[in-house]
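The file input.cif comes next; it holds mmCIF, C-alpha atoms.
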data_data
#
loop_
_atom_site.label_atom_id
_atom_site.label_comp_id
_atom_site.auth_asym_id
_atom_site.auth_seq_id
_atom_site.Cartn_x
_atom_site.Cartn_y
_atom_site.Cartn_z
CA MET A 1 -24.40 46.67 51.96
CA ARG A 2 -23.91 49.00 49.04
CA ILE A 3 -21.31 47.97 46.48
CA VAL A 4 -19.73 51.02 44.91
CA LYS A 5 -16.86 49.57 42.87
CA ALA A 6 -16.04 46.40 40.95
CA LEU A 7 -12.47 45.65 39.87
CA LEU A 8 -11.93 42.95 37.27
CA TYR A 9 -8.62 41.15 36.77
CA ARG A 10 -7.13 38.39 34.70
CA LEU A 11 -4.87 36.24 36.86
CA ALA A 12 -1.86 34.25 35.60
CA ILE A 13 0.35 32.37 38.09
CA PRO A 14 3.02 29.92 36.83
CA PHE A 15 2.76 26.29 37.92
CA ARG A 16 5.56 24.49 39.68
CA LEU A 17 4.96 21.60 37.29
CA ARG A 18 3.27 21.35 33.89
CA VAL A 19 0.18 19.18 34.32
CA SER A 20 -1.79 17.22 31.73
CA HIS A 21 -4.87 15.14 31.16
CA SER A 22 -6.63 13.91 28.03
CA LEU A 23 -8.28 17.28 27.29
CA ALA A 24 -5.63 19.87 28.18
CA ARG A 25 -2.07 20.71 29.21
CA ARG A 26 -1.40 23.63 31.54
CA SER A 27 1.66 25.44 32.84
CA GLU A 28 -0.02 28.37 34.62
CA ALA A 29 -3.21 29.28 36.43
CA GLU A 30 -5.80 30.98 34.24
CA ALA A 31 -8.46 32.75 36.27
CA VAL A 32 -10.84 35.68 36.38
CA ILE A 33 -10.93 37.66 39.62
CA LEU A 34 -13.68 40.08 40.60
CA ALA A 35 -13.10 42.32 43.62
CA LEU A 36 -16.12 44.20 44.98
CA GLN A 37 -15.81 47.21 47.31
CA ASP A 38 -18.58 48.53 49.52
CA GLU A 39 -19.01 52.11 50.70
CA SER A 40 -16.99 51.45 53.88
CA GLY A 41 -13.93 50.42 51.82
CA GLN A 42 -14.23 46.68 52.56
CA TYR A 43 -13.50 44.25 49.72
CA GLY A 44 -14.85 40.85 48.81
CA TYR A 45 -13.09 38.58 46.31
CA GLY A 46 -14.37 35.99 43.86
CA GLU A 47 -12.70 33.75 41.30
CA GLY A 48 -13.74 31.94 38.16
CA THR A 49 -11.72 29.45 36.11
CA PRO A 50 -13.12 29.17 32.58
CA ARG A 51 -12.40 25.88 30.80
CA HIS A 52 -13.59 25.74 27.20
CA TYR A 53 -13.52 21.93 27.09
CA VAL A 54 -15.89 21.77 30.09
CA THR A 55 -18.45 24.56 29.71
CA GLY A 56 -17.59 26.11 26.34
CA GLU A 57 -16.34 29.32 27.99
CA THR A 58 -13.30 31.15 26.71
CA LEU A 59 -11.19 33.41 28.89
CA GLU A 60 -12.14 36.42 26.76
CA GLY A 61 -15.83 35.60 26.91
CA CYS A 62 -15.64 35.05 30.65
CA LEU A 63 -13.94 38.41 31.17
CA GLY A 64 -16.62 40.14 29.13
CA ALA A 65 -19.42 38.49 31.09
CA ALA A 66 -17.70 39.25 34.41
CA GLU A 67 -17.40 42.92 33.42
CA GLU A 68 -21.11 43.10 32.68
CA LEU A 69 -21.87 41.29 35.94
CA GLY A 70 -19.73 43.76 37.88
CA ARG A 71 -21.52 46.64 36.19
CA GLN A 72 -24.94 45.27 37.14
CA ILE A 73 -23.90 44.54 40.73
CA VAL A 74 -22.62 48.09 41.23
CA SER A 75 -25.85 49.52 39.80
CA ARG A 76 -28.06 47.52 42.20
CA GLY A 77 -27.79 50.02 45.05
CA ARG A 78 -28.14 49.12 48.73
CA ILE A 79 -28.94 45.55 49.80
CA GLU A 80 -30.40 45.34 53.31
CA THR A 81 -30.59 41.61 54.13
CA PHE A 82 -28.85 38.37 53.21
CA GLY A 83 -32.12 37.06 51.81
CA GLU A 84 -32.31 40.08 49.53
CA LEU A 85 -28.73 39.44 48.39
CA LEU A 86 -29.60 35.84 47.49
CA THR A 87 -32.63 37.03 45.54
CA VAL A 88 -30.53 39.54 43.60
CA LEU A 89 -27.93 36.87 42.82
CA ARG A 90 -30.53 34.34 41.75
CA ARG A 91 -32.10 36.80 39.32
CA LEU A 92 -28.71 37.72 37.91
CA GLY A 93 -27.83 34.05 37.51
CA GLU A 94 -30.96 33.47 35.43
CA GLN A 95 -29.77 35.87 32.73
CA SER A 96 -28.64 34.00 29.64
CA LEU A 97 -25.23 35.74 29.54
CA PHE A 98 -24.34 34.53 33.02
CA ALA A 99 -25.91 31.10 32.55
CA GLU A 100 -23.64 30.70 29.52
CA HIS A 101 -20.60 31.91 31.49
CA PRO A 102 -20.79 30.06 34.82
CA SER A 103 -17.21 30.91 35.78
CA ALA A 104 -17.92 34.63 35.44
CA PHE A 105 -21.02 34.33 37.59
CA CYS A 106 -19.12 32.21 40.11
CA ALA A 107 -16.55 35.01 40.51
CA GLY A 108 -19.21 37.66 41.10
CA GLU A 109 -21.36 35.56 43.41
CA ILE A 110 -18.47 34.47 45.64
CA ALA A 111 -17.21 38.07 45.83
CA CYS A 112 -20.67 39.15 47.05
CA LEU A 113 -20.82 36.35 49.62
CA ASP A 114 -17.27 37.06 50.81
CA LEU A 115 -18.06 40.76 51.20
CA TRP A 116 -21.30 40.11 53.10
CA GLY A 117 -19.50 37.70 55.42
CA ARG A 118 -16.73 40.20 56.08
CA LEU A 119 -19.20 42.98 56.83
CA THR A 120 -21.19 40.81 59.25
CA GLY A 121 -18.23 38.95 60.76
CA THR A 122 -19.63 35.61 59.60
CA PRO A 123 -17.86 32.67 57.88
CA LEU A 124 -19.31 32.08 54.42
CA ALA A 125 -20.76 28.64 55.24
CA ALA A 126 -22.43 30.00 58.38
CA LEU A 127 -24.27 32.60 56.31
CA PHE A 128 -26.37 29.71 55.00
CA ASP A 129 -26.39 27.55 58.13
CA PRO A 130 -25.08 28.80 61.50
CA SER A 131 -24.82 25.17 62.63
CA CYS A 132 -22.71 24.09 59.64
CA SER A 133 -19.95 21.59 60.23
CA THR A 134 -16.68 23.06 61.53
CA ALA A 135 -14.87 19.72 61.54
CA PRO A 136 -11.61 19.29 59.60
CA VAL A 137 -11.99 17.98 56.05
CA THR A 138 -9.95 15.43 54.12
CA TYR A 139 -8.75 16.18 50.59
CA SER A 140 -7.62 13.86 47.81
CA ALA A 141 -4.25 13.88 46.10
CA VAL A 142 -4.41 14.08 42.30
CA LEU A 143 -1.73 12.48 40.12
CA PRO A 144 -1.60 14.03 36.62
CA GLN A 145 -0.17 12.60 33.43
CA VAL A 146 3.56 13.22 33.78
CA THR A 147 6.82 11.49 32.92
CA ALA A 148 7.72 8.30 34.76
CA ASP A 149 10.35 9.92 36.96
CA VAL A 150 8.05 12.79 37.95
CA TYR A 151 5.27 10.29 38.65
CA GLU A 152 7.57 8.48 41.08
CA GLN A 153 8.34 11.78 42.81
CA LEU A 154 4.64 12.55 43.15
CA LEU A 155 3.98 9.08 44.54
CA GLU A 156 6.69 9.67 47.16
CA LEU A 157 5.16 13.02 48.08
CA THR A 158 1.73 11.41 48.32
CA ALA A 159 3.07 8.62 50.51
CA ARG A 160 4.88 11.06 52.81
CA HIS A 161 1.64 12.97 53.31
CA THR A 162 -0.12 9.66 54.17
CA MET A 163 -3.00 10.56 51.87
CA GLU A 164 -6.15 8.50 52.28
CA TYR A 165 -7.65 9.35 48.89
CA VAL A 166 -5.81 9.47 45.55
CA LYS A 167 -7.04 10.19 42.03
CA ILE A 168 -5.02 9.15 38.99
CA LYS A 169 -5.49 10.82 35.61
CA VAL A 170 -5.76 8.13 32.92
CA GLY A 171 -5.96 8.01 29.14
CA THR A 172 -2.42 6.95 28.18
CA ASN A 173 -0.83 3.68 27.06
CA ASP A 174 0.71 3.04 30.47
CA ASP A 175 -2.43 3.50 32.58
CA LEU A 176 -2.41 0.03 34.11
CA ALA A 177 1.29 0.21 34.95
CA ARG A 178 0.78 3.57 36.68
CA ILE A 179 -2.23 2.25 38.63
CA LYS A 180 -0.29 -0.86 39.67
CA ARG A 181 2.68 1.22 40.79
CA ALA A 182 0.45 3.53 42.83
CA ARG A 183 -1.13 0.62 44.66
CA GLU A 184 2.29 -0.89 45.36
CA ARG A 185 3.72 2.36 46.72
CA LEU A 186 0.69 3.68 48.58
CA GLY A 187 -0.48 0.44 50.16
CA ALA A 188 -3.67 -1.56 50.39
CA THR A 189 -5.83 0.84 52.38
CA VAL A 190 -5.63 3.98 50.22
CA ASP A 191 -8.77 4.72 48.20
CA ILE A 192 -7.61 4.98 44.56
CA ARG A 193 -9.91 6.27 41.82
CA LEU A 194 -9.41 7.22 38.19
CA ASP A 195 -10.25 10.25 36.05
CA ALA A 196 -10.35 9.79 32.27
CA ASN A 197 -11.65 13.22 31.22
CA GLY A 198 -13.62 11.50 28.47
CA ALA A 199 -10.59 9.72 26.98
CA PHE A 200 -12.28 6.38 26.15
CA ASP A 201 -15.17 4.85 24.28
CA VAL A 202 -17.30 2.34 26.18
CA ALA A 203 -15.21 -0.67 25.19
CA GLY A 204 -11.95 1.04 26.10
CA ALA A 205 -13.28 2.14 29.48
CA LEU A 206 -14.48 -1.36 30.32
CA VAL A 207 -11.15 -2.87 29.28
CA LEU A 208 -9.31 -0.45 31.56
CA LEU A 209 -11.64 -1.10 34.49
CA HIS A 210 -11.34 -4.87 34.02
CA GLY A 211 -7.55 -4.64 34.05
CA ALA A 212 -7.54 -2.25 37.01
CA ALA A 213 -9.96 -4.30 39.12
CA ARG A 214 -7.13 -6.32 40.69
CA HIS A 215 -5.77 -3.06 42.08
CA ARG A 216 -9.09 -2.28 43.84
CA ILE A 217 -10.19 0.89 42.07
CA SER A 218 -13.12 2.62 43.79
CA ALA A 219 -14.39 4.90 41.01
CA ILE A 220 -13.81 6.29 37.53
CA GLU A 221 -14.64 9.86 36.60
CA GLN A 222 -15.92 10.77 33.12
CA PRO A 223 -14.79 7.62 31.29
CA VAL A 224 -16.40 8.66 27.97
CA PRO A 225 -16.87 12.02 26.18
CA LYS A 226 -19.23 14.44 27.90
CA ASP A 227 -22.06 14.15 25.36
CA ASP A 228 -22.12 10.35 25.38
CA ILE A 229 -24.74 9.86 28.09
CA GLU A 230 -25.70 6.41 26.85
CA GLY A 231 -22.04 5.41 26.91
CA LEU A 232 -21.75 6.70 30.47
CA ARG A 233 -24.72 4.54 31.44
CA GLU A 234 -23.22 1.46 29.77
CA VAL A 235 -19.97 1.86 31.69
CA ALA A 236 -21.89 2.39 34.93
CA GLN A 237 -23.84 -0.82 34.39
CA GLY A 238 -20.91 -2.84 33.11
CA ASP A 239 -18.46 -2.72 36.01
CA GLY A 240 -18.47 -2.52 39.79
CA ALA A 241 -16.60 0.80 40.06
CA LEU A 242 -18.59 3.94 40.81
CA VAL A 243 -18.96 6.09 37.66
CA ILE A 244 -18.77 9.83 38.35
CA ALA A 245 -19.99 12.37 35.78
CA ASP A 246 -17.84 15.48 35.51
CA GLU A 247 -17.82 17.22 32.13
CA SER A 248 -21.26 15.69 31.49
CA MET A 249 -22.68 17.45 34.58
CA CYS A 250 -22.35 21.24 34.68
CA THR A 251 -25.90 22.41 35.43
CA ARG A 252 -28.94 21.30 37.39
CA GLN A 253 -30.55 20.36 34.07
CA ASP A 254 -27.57 18.11 33.31
CA ALA A 255 -27.91 16.51 36.74
CA GLU A 256 -31.64 15.88 36.27
CA ARG A 257 -31.02 14.33 32.84
CA LEU A 258 -28.34 12.01 34.21
CA ILE A 259 -30.59 10.94 37.08
CA ALA A 260 -33.49 10.27 34.70
CA SER A 261 -31.17 8.23 32.44
CA ASP A 262 -29.66 6.30 35.36
CA ALA A 263 -26.36 7.14 33.68
CA CYS A 264 -24.00 7.31 36.67
CA GLY A 265 -23.69 6.88 40.41
CA GLY A 266 -21.81 10.09 41.19
CA PHE A 267 -21.51 13.77 40.30
CA SER A 268 -18.36 15.89 40.35
CA VAL A 269 -19.49 19.34 41.47
CA ARG A 270 -17.05 22.18 40.79
CA LEU A 271 -17.89 25.72 41.78
CA ALA A 272 -16.71 27.40 38.59
CA LYS A 273 -18.28 24.98 36.10
CA CYS A 274 -21.58 24.80 38.02
CA GLY A 275 -22.08 28.56 38.28
CA GLY A 276 -21.08 29.33 41.84
CA PHE A 277 -21.88 28.47 45.42
CA VAL A 278 -25.67 28.42 45.50
CA LYS A 279 -26.11 26.43 42.29
CA SER A 280 -23.44 23.94 43.37
CA ARG A 281 -25.14 23.44 46.72
CA GLU A 282 -28.49 22.88 45.01
CA ILE A 283 -26.98 20.19 42.75
CA ILE A 284 -25.46 18.48 45.80
CA GLN A 285 -28.84 18.52 47.54
CA LEU A 286 -30.48 17.07 44.42
CA ALA A 287 -27.84 14.34 44.28
CA ALA A 288 -28.37 13.45 47.94
CA SER A 289 -32.13 13.13 47.42
CA HIS A 290 -31.52 10.55 44.67
CA GLY A 291 -28.72 8.56 46.30
CA ILE A 292 -26.04 9.98 43.99
CA ALA A 293 -22.53 10.21 45.44
CA VAL A 294 -20.85 13.63 45.33
CA GLN A 295 -17.30 14.66 44.67
CA ILE A 296 -16.63 18.33 45.46
CA GLY A 297 -14.03 18.92 42.79
CA CYS A 298 -11.78 21.70 41.60
CA HIS A 299 -9.99 22.99 38.52
CA VAL A 300 -6.23 22.69 38.53
CA GLY A 301 -4.63 26.03 39.35
CA GLU A 302 -7.35 27.43 41.57
CA THR A 303 -6.09 30.04 44.02
CA ALA A 304 -6.91 30.36 47.70
CA ILE A 305 -10.19 32.10 46.78
CA LEU A 306 -11.82 29.06 45.17
CA SER A 307 -10.03 26.70 47.55
CA ALA A 308 -11.61 28.51 50.50
CA ALA A 309 -15.02 28.61 48.82
CA GLY A 310 -14.83 24.87 48.18
CA ARG A 311 -14.04 24.22 51.84
CA HIS A 312 -17.06 26.25 52.91
CA LEU A 313 -19.19 24.24 50.47
CA ALA A 314 -17.88 21.06 52.07
CA ALA A 315 -18.80 22.43 55.51
CA LEU A 316 -22.38 22.90 54.31
CA CYS A 317 -22.57 19.52 52.54
CA PRO A 318 -20.67 17.05 54.77
CA GLY A 319 -22.15 13.97 53.11
CA TYR A 320 -19.84 14.16 50.06
CA ARG A 321 -17.74 11.15 49.03
CA TYR A 322 -14.59 12.93 47.83
CA LEU A 323 -13.13 16.42 48.21
CA GLU A 324 -10.55 18.04 45.94
CA GLY A 325 -8.69 21.36 46.06
CA ALA A 326 -6.41 23.19 48.50
CA LEU A 327 -3.48 22.44 46.19
CA SER A 328 -1.96 25.90 45.96
CA ARG A 329 1.39 25.16 47.62
CA PHE A 330 1.79 22.01 45.55
CA VAL A 331 0.80 23.50 42.17
CA LEU A 332 1.33 27.28 42.13
CA GLU A 333 4.66 29.08 42.39
CA GLU A 334 2.91 31.24 44.97
CA ASP A 335 -0.66 31.86 46.04
CA ILE A 336 -2.30 35.27 46.46
CA SER A 337 -3.43 34.72 50.06
CA THR A 338 -1.51 35.25 53.29
CA THR A 339 -3.77 32.59 54.82
CA ALA A 340 -2.54 29.04 54.23
CA VAL A 341 -5.27 26.95 52.61
CA GLU A 342 -3.33 23.86 51.50
CA PHE A 343 -3.94 20.53 53.19
CA GLY A 344 -1.46 18.85 55.51
CA ALA A 345 -0.78 15.28 56.59
CA GLY A 346 -3.44 12.82 55.55
CA GLY A 347 -5.03 15.47 53.34
CA ARG A 348 -6.49 17.16 56.43
CA ALA A 349 -7.35 20.84 56.56
CA PRO A 350 -9.22 22.87 59.18
CA PHE A 351 -12.43 24.85 58.87
CA LEU A 352 -11.78 28.48 57.94
CA PRO A 353 -13.34 30.43 60.85
CA GLY A 354 -12.65 33.98 59.69
CA PRO A 355 -15.33 36.22 58.19
CA GLY A 356 -16.38 35.63 54.59
CA LEU A 357 -14.02 33.23 52.86
CA GLY A 358 -11.75 33.34 55.90
CA ILE A 359 -8.66 34.33 53.93
CA ASP A 360 -6.70 37.55 53.41
CA ILE A 361 -5.34 38.60 50.03
CA ASP A 362 -1.68 39.64 49.92
CA PRO A 363 -1.61 42.87 47.87
CA GLU A 364 1.98 42.43 46.71
CA ARG A 365 1.51 38.86 45.50
CA PHE A 366 -1.79 39.81 43.91
CA ALA A 367 -0.19 42.71 42.04
CA ARG A 368 2.55 40.40 40.68
CA HIS A 369 0.06 38.14 38.94
CA ALA A 370 -3.15 40.13 38.39
CA ILE A 371 -3.65 42.04 35.14
CA PRO A 372 -6.26 44.82 35.51
CA VAL A 373 -9.07 44.56 32.96
CA ALA A 374 -11.82 46.94 34.13
CA SER A 375 -12.75 49.32 36.97
CA LEU A 376 -16.48 49.86 37.34
CA HIS A 377 -17.95 52.59 39.56
#

Represent the supplied structure as structure tokens.
Amino acid sequence: MRIVKALLYRLAIPFRLRVSHSLARRSEAEAVILALQDESGQYGYGEGTPRHYVTGETLEGCLGAAEELGRQIVSRGRIETFGELLTVLRRLGEQSLFAEHPSAFCAGEIACLDLWGRLTGTPLAALFDPSCSTAPVTYSAVLPQVTADVYEQLLELTARHTMEYVKIKVGTNDDLARIKRARERLGATVDIRLDANGAFDVAGALVLLHGAARHRISAIEQPVPKDDIEGLREVAQGDGALVIADESMCTRQDAERLIASDACGGFSVRLAKCGGFVKSREIIQLAASHGIAVQIGCHVGETAILSAAGRHLAALCPGYRYLEGALSRFVLEEDISTTAVEFGAGGRAPFLPGPGLGIDIDPERFARHAIPVASLH
């Protein structure tokens, strides 16, 4: 494989519904797309979703890092084997610029993996393990902070899809009422967990969990601010619900620190915040070796590119506790893929058997929402 061109885009797709949590409000997708072309004319696509409140990245900084990454990838010349590709990517990922901009590196790495898979006719997950799981996966529904009437509509949609797993964003004055209503509408068997995005101090988190216990809550994600590791540990030791670190866990070093501190029982691994596919897989393997539960998460507004990559990650790491993503039809006005990636009844979605990511980009939809930033030859 010899990559001869890198095209960098900023992507903006309006949401069907403005969504909120304690750290942000969003009304459109905000992503960085890197498209890599090899000498035969084949393209591979990657996506990054910078979130300043998670990793410190800005969109502008991410675009700058992605441009430099594209430049270095094009200058690498021919790559003969998949092992050589992984070595090249690992060395690139060790550079401080790309370590500091994990979403930019995620976009470039996934584009390389997608392109290699397309050229070899191999699904992305099977590049790493030909015997990877091809079983259907089960996604969670996510209920954001919205008005009461919209919340009722989302509960109805969730119930109609007979979802098995539901996550509720918390951090408002009516948290307990919203949790109670979800349990009433969704029934006794649905697994309901919470996501605070660091909205509470330790006392506030424990008060919420005590009040929510009667509604059989399975887990709470990031109950305290990301830098409060001791507070995370106190919440984990003070209540029966599983505590999942999200904003506190972006790198392998973060994961090792949390394990050493016995600060939580779960990690939320997201491709963009963790620096791509390989680094995310390594964190999941580390978690498994220490008995830490894993949620394969997503950023709101991800397109089919990251949704597909997340599904391939799930195929390689089938021991995860929760899976998020594949929300494009529910969140975006339109996605950029002709291949449907959203989940169906029960949150179920099939393995993507096509080469690379297993999706095809619709050029007209892409052109409507992609703003060209750089063309590197």

Can you tell me, as an MDAnalysis selection string, what residues are no more than 9 Å from stretch 242-257 of chain A when counting only C-alpha atoms, ignoring any on the same chain fewer than 2 positions away? chainID A and resid 53:55 102 195 197:198 218:223 225:229 232:233 235:236 239:240 259:270 273:275 279:280 282:283 286:287 293:295 297

Mind telling me what the PyMOL selection byres ((chain A and resi 203) around 12) catches here, as an MDAnalysis selection string? chainID A and resid 199:202 204:210 223:224 231:232 234:235 238:239

Check what the PyMOL selection byres ((chain A and resi 354) around 10) selects in the file above and give those residues as a PyMOL selection string. chain A and resi 117-118+121-124+351-353+355-360

In Å, rounded to a single decimal, give me how far atom CA of A:Thr134 is from atom CA of A:Gly83. 23.0 Å

Quick one, how far is atom CA of A:Asp114 from atom CA of A:Tyr45? 6.3 Å

Kindly indicate which residue among A:Ile305, A:Ala177, A:Cys132, A:Leu115 lies nearest to A:Gly46, using only C-alpha atoms for the distances. A:Ile305

Just give me the gap between atom CA of A:Ile371 and atom CA of A:Gln42 in Å, one decimal is fine.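 Those two atoms sit 20.9 Å apart.
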
I'd like to see the residues matched by the PyMOL selection byres ((chain A and resi 63) around 12) on this file, and ideally I'd get them as number ranges by chain. A: 7-11, 30-34, 47-50, 57-62, 64-70, 97-98, 101-105, 107-108, 371-374

Identify the residues around (3.5, 8.8, 46.3) within a radius of 12 Å, measuring from only C-alpha atoms in the coordinates stated by the file, and give them as a PyMOL selection string. chain A and resi 141-143+149-168+178-179+181-187+190+192

Any idea what's packed within 9 Å of A:Leu86, counting only C-alpha atoms, ignoring anything in its chain fewer than 5 positions away? Could you give it as JSON, numbers by chain? {"A": [81, 91, 278]}

If you count only C-alpha atoms, the residue of A:Leu113, A:Val137, A:Leu376, A:Cys106 closest to A:Ala345 turns out to be A:Val137

Determine, counting all atoms listed in the file, which protein, DNA and RNA residues have an atom within 8 Å of an atom of stretch 15-19 of chain A; residues of the same chain fewer than 5 positions away are not included. Present the result as a PyMOL selection string. chain A and resi 25-29+144-146+301+330-333

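Nearest residue to A:Phe277, choosing from A:Leu176, A:Leu127, A:Ala188, A:Ala309 and counting all atoms listed in the file: A:Ala309.
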
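Take the candidates A:Leu194, A:Ile110, A:Ala148, A:Val74 and check each one against A:Ala212 using only C-alpha atoms; the shortest distance goes to A:Leu194.
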
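Within the 8 Å cut-off around A:Asp362, using all atoms listed in the file and omitting residues fewer than 2 positions from it on the same chain, the listed residues are A:Ile336, A:Ser337, A:Thr338, A:Asp360, A:Glu364, A:Arg365, A:Phe366.
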
Give me the residues within 9 Å of A:Ala349 as a list in words, counting only C-alpha atoms and dropping any in the same chain fewer than 6 places off.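 The filter keeps Pro136, Val137, Thr138, Tyr139, Arg311, Ala326, Val341, Glu342 and Phe343 of chain A.
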
Pick the closest to A:Ala99 from A:Gly344, A:Pro350, A:Gly276, A:Gly319: which is it, counting only C-alpha atoms?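 Closest to A:Ala99, using only C-alpha atoms: A:Gly276.
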
Minimum-distance residue to A:Phe128, chosen among A:Lys169, A:His299, A:Arg329, A:His312 (using all atoms listed in the file): A:His312

Produce the centre coordinates and the three edge lengths, each in Å to one decimal, of the box along x, y and z that contains all listed atoms of stretch 43-54 of chain A with 8 Å added on each side, as AutoDock Vina command-line options.
--center_x -13.8 --center_y 33.0 --center_z 38.4 --size_x 20.2 --size_y 38.5 --size_z 38.6

Please write C-alpha atoms of stretch 290-359 of chain A, from the structure given just now, as an mmCIF file, in the first residue's frame.
data_model
loop_
_atom_site.group_PDB
_atom_site.id
_atom_site.type_symbol
_atom_site.label_atom_id
_atom_site.label_comp_id
_atom_site.auth_asym_id
_atom_site.auth_seq_id
_atom_site.Cartn_x
_atom_site.Cartn_y
_atom_site.Cartn_z
ATOM 1 C CA HIS A 290 -7.607 -6.573 36.158
ATOM 2 C CA GLY A 291 -11.298 -7.463 36.326
ATOM 3 C CA ILE A 292 -12.434 -3.989 35.233
ATOM 4 C CA ALA A 293 -15.741 -3.823 33.354
ATOM 5 C CA VAL A 294 -15.688 -2.105 29.956
ATOM 6 C CA GLN A 295 -18.159 0.152 28.250
ATOM 7 C CA ILE A 296 -17.352 0.751 24.574
ATOM 8 C CA GLY A 297 -18.690 4.282 24.374
ATOM 9 C CA CYS A 298 -19.140 6.986 21.785
ATOM 10 C CA HIS A 299 -19.373 10.751 21.398
ATOM 11 C CA VAL A 300 -22.772 12.125 20.492
ATOM 12 C CA GLY A 301 -22.918 12.977 16.802
ATOM 13 C CA GLU A 302 -20.502 10.358 15.526
ATOM 14 C CA THR A 303 -21.083 9.441 11.884
ATOM 15 C CA ALA A 304 -21.143 5.985 10.346
ATOM 16 C CA ILE A 305 -17.326 6.000 10.244
ATOM 17 C CA LEU A 306 -16.825 5.913 14.019
ATOM 18 C CA SER A 307 -19.987 3.862 14.505
ATOM 19 C CA ALA A 308 -18.564 1.175 12.225
ATOM 20 C CA ALA A 309 -15.147 1.341 13.879
ATOM 21 C CA GLY A 310 -16.765 0.922 17.291
ATOM 22 C CA ARG A 311 -18.640 -2.164 16.095
ATOM 23 C CA HIS A 312 -15.410 -3.708 14.840
ATOM 24 C CA LEU A 313 -13.825 -2.964 18.227
ATOM 25 C CA ALA A 314 -16.736 -4.752 19.888
ATOM 26 C CA ALA A 315 -16.200 -7.740 17.575
ATOM 27 C CA LEU A 316 -12.595 -7.961 18.777
ATOM 28 C CA CYS A 317 -13.449 -7.439 22.460
ATOM 29 C CA PRO A 318 -16.717 -9.336 23.065
ATOM 30 C CA GLY A 319 -16.351 -9.330 26.853
ATOM 31 C CA TYR A 320 -17.514 -5.707 27.233
ATOM 32 C CA ARG A 321 -20.374 -4.826 29.597
ATOM 33 C CA TYR A 322 -22.044 -2.045 27.590
ATOM 34 C CA LEU A 323 -21.897 -0.819 23.996
ATOM 35 C CA GLU A 324 -22.872 2.634 22.747
ATOM 36 C CA GLY A 325 -23.086 4.190 19.284
ATOM 37 C CA ALA A 326 -24.871 3.461 15.999
ATOM 38 C CA LEU A 327 -27.161 6.420 16.701
ATOM 39 C CA SER A 328 -26.931 8.192 13.354
ATOM 40 C CA ARG A 329 -30.573 7.836 12.276
ATOM 41 C CA PHE A 330 -31.755 8.925 15.707
ATOM 42 C CA VAL A 331 -29.418 11.918 16.132
ATOM 43 C CA LEU A 332 -28.235 13.219 12.747
ATOM 44 C CA GLU A 333 -30.411 14.806 10.073
ATOM 45 C CA GLU A 334 -28.600 12.470 7.695
ATOM 46 C CA ASP A 335 -25.503 10.311 7.823
ATOM 47 C CA ILE A 336 -22.715 10.254 5.232
ATOM 48 C CA SER A 337 -22.873 6.507 4.557
ATOM 49 C CA THR A 338 -25.104 4.581 2.176
ATOM 50 C CA THR A 339 -24.678 1.609 4.526
ATOM 51 C CA ALA A 340 -27.120 1.607 7.430
ATOM 52 C CA VAL A 341 -25.264 1.366 10.729
ATOM 53 C CA GLU A 342 -27.998 2.228 13.237
ATOM 54 C CA PHE A 343 -29.328 -0.429 15.585
ATOM 55 C CA GLY A 344 -32.780 -1.967 15.295
ATOM 56 C CA ALA A 345 -35.180 -3.658 17.705
ATOM 57 C CA GLY A 346 -33.672 -4.472 21.062
ATOM 58 C CA GLY A 347 -30.610 -2.414 20.191
ATOM 59 C CA ARG A 348 -29.383 -5.217 17.918
ATOM 60 C CA ALA A 349 -27.072 -4.627 14.980
ATOM 61 C CA PRO A 350 -25.226 -7.086 12.731
ATOM 62 C CA PHE A 351 -21.516 -7.515 12.151
ATOM 63 C CA LEU A 352 -20.280 -5.419 9.221
ATOM 64 C CA PRO A 353 -18.806 -8.030 6.831
ATOM 65 C CA GLY A 354 -17.584 -5.741 4.062
ATOM 66 C CA PRO A 355 -13.921 -4.847 3.582
ATOM 67 C CA GLY A 356 -12.375 -2.272 5.902
ATOM 68 C CA LEU A 357 -15.023 -0.506 7.947
ATOM 69 C CA GLY A 358 -17.697 -2.250 5.898
ATOM 70 C CA ILE A 359 -19.465 0.963 4.904
#
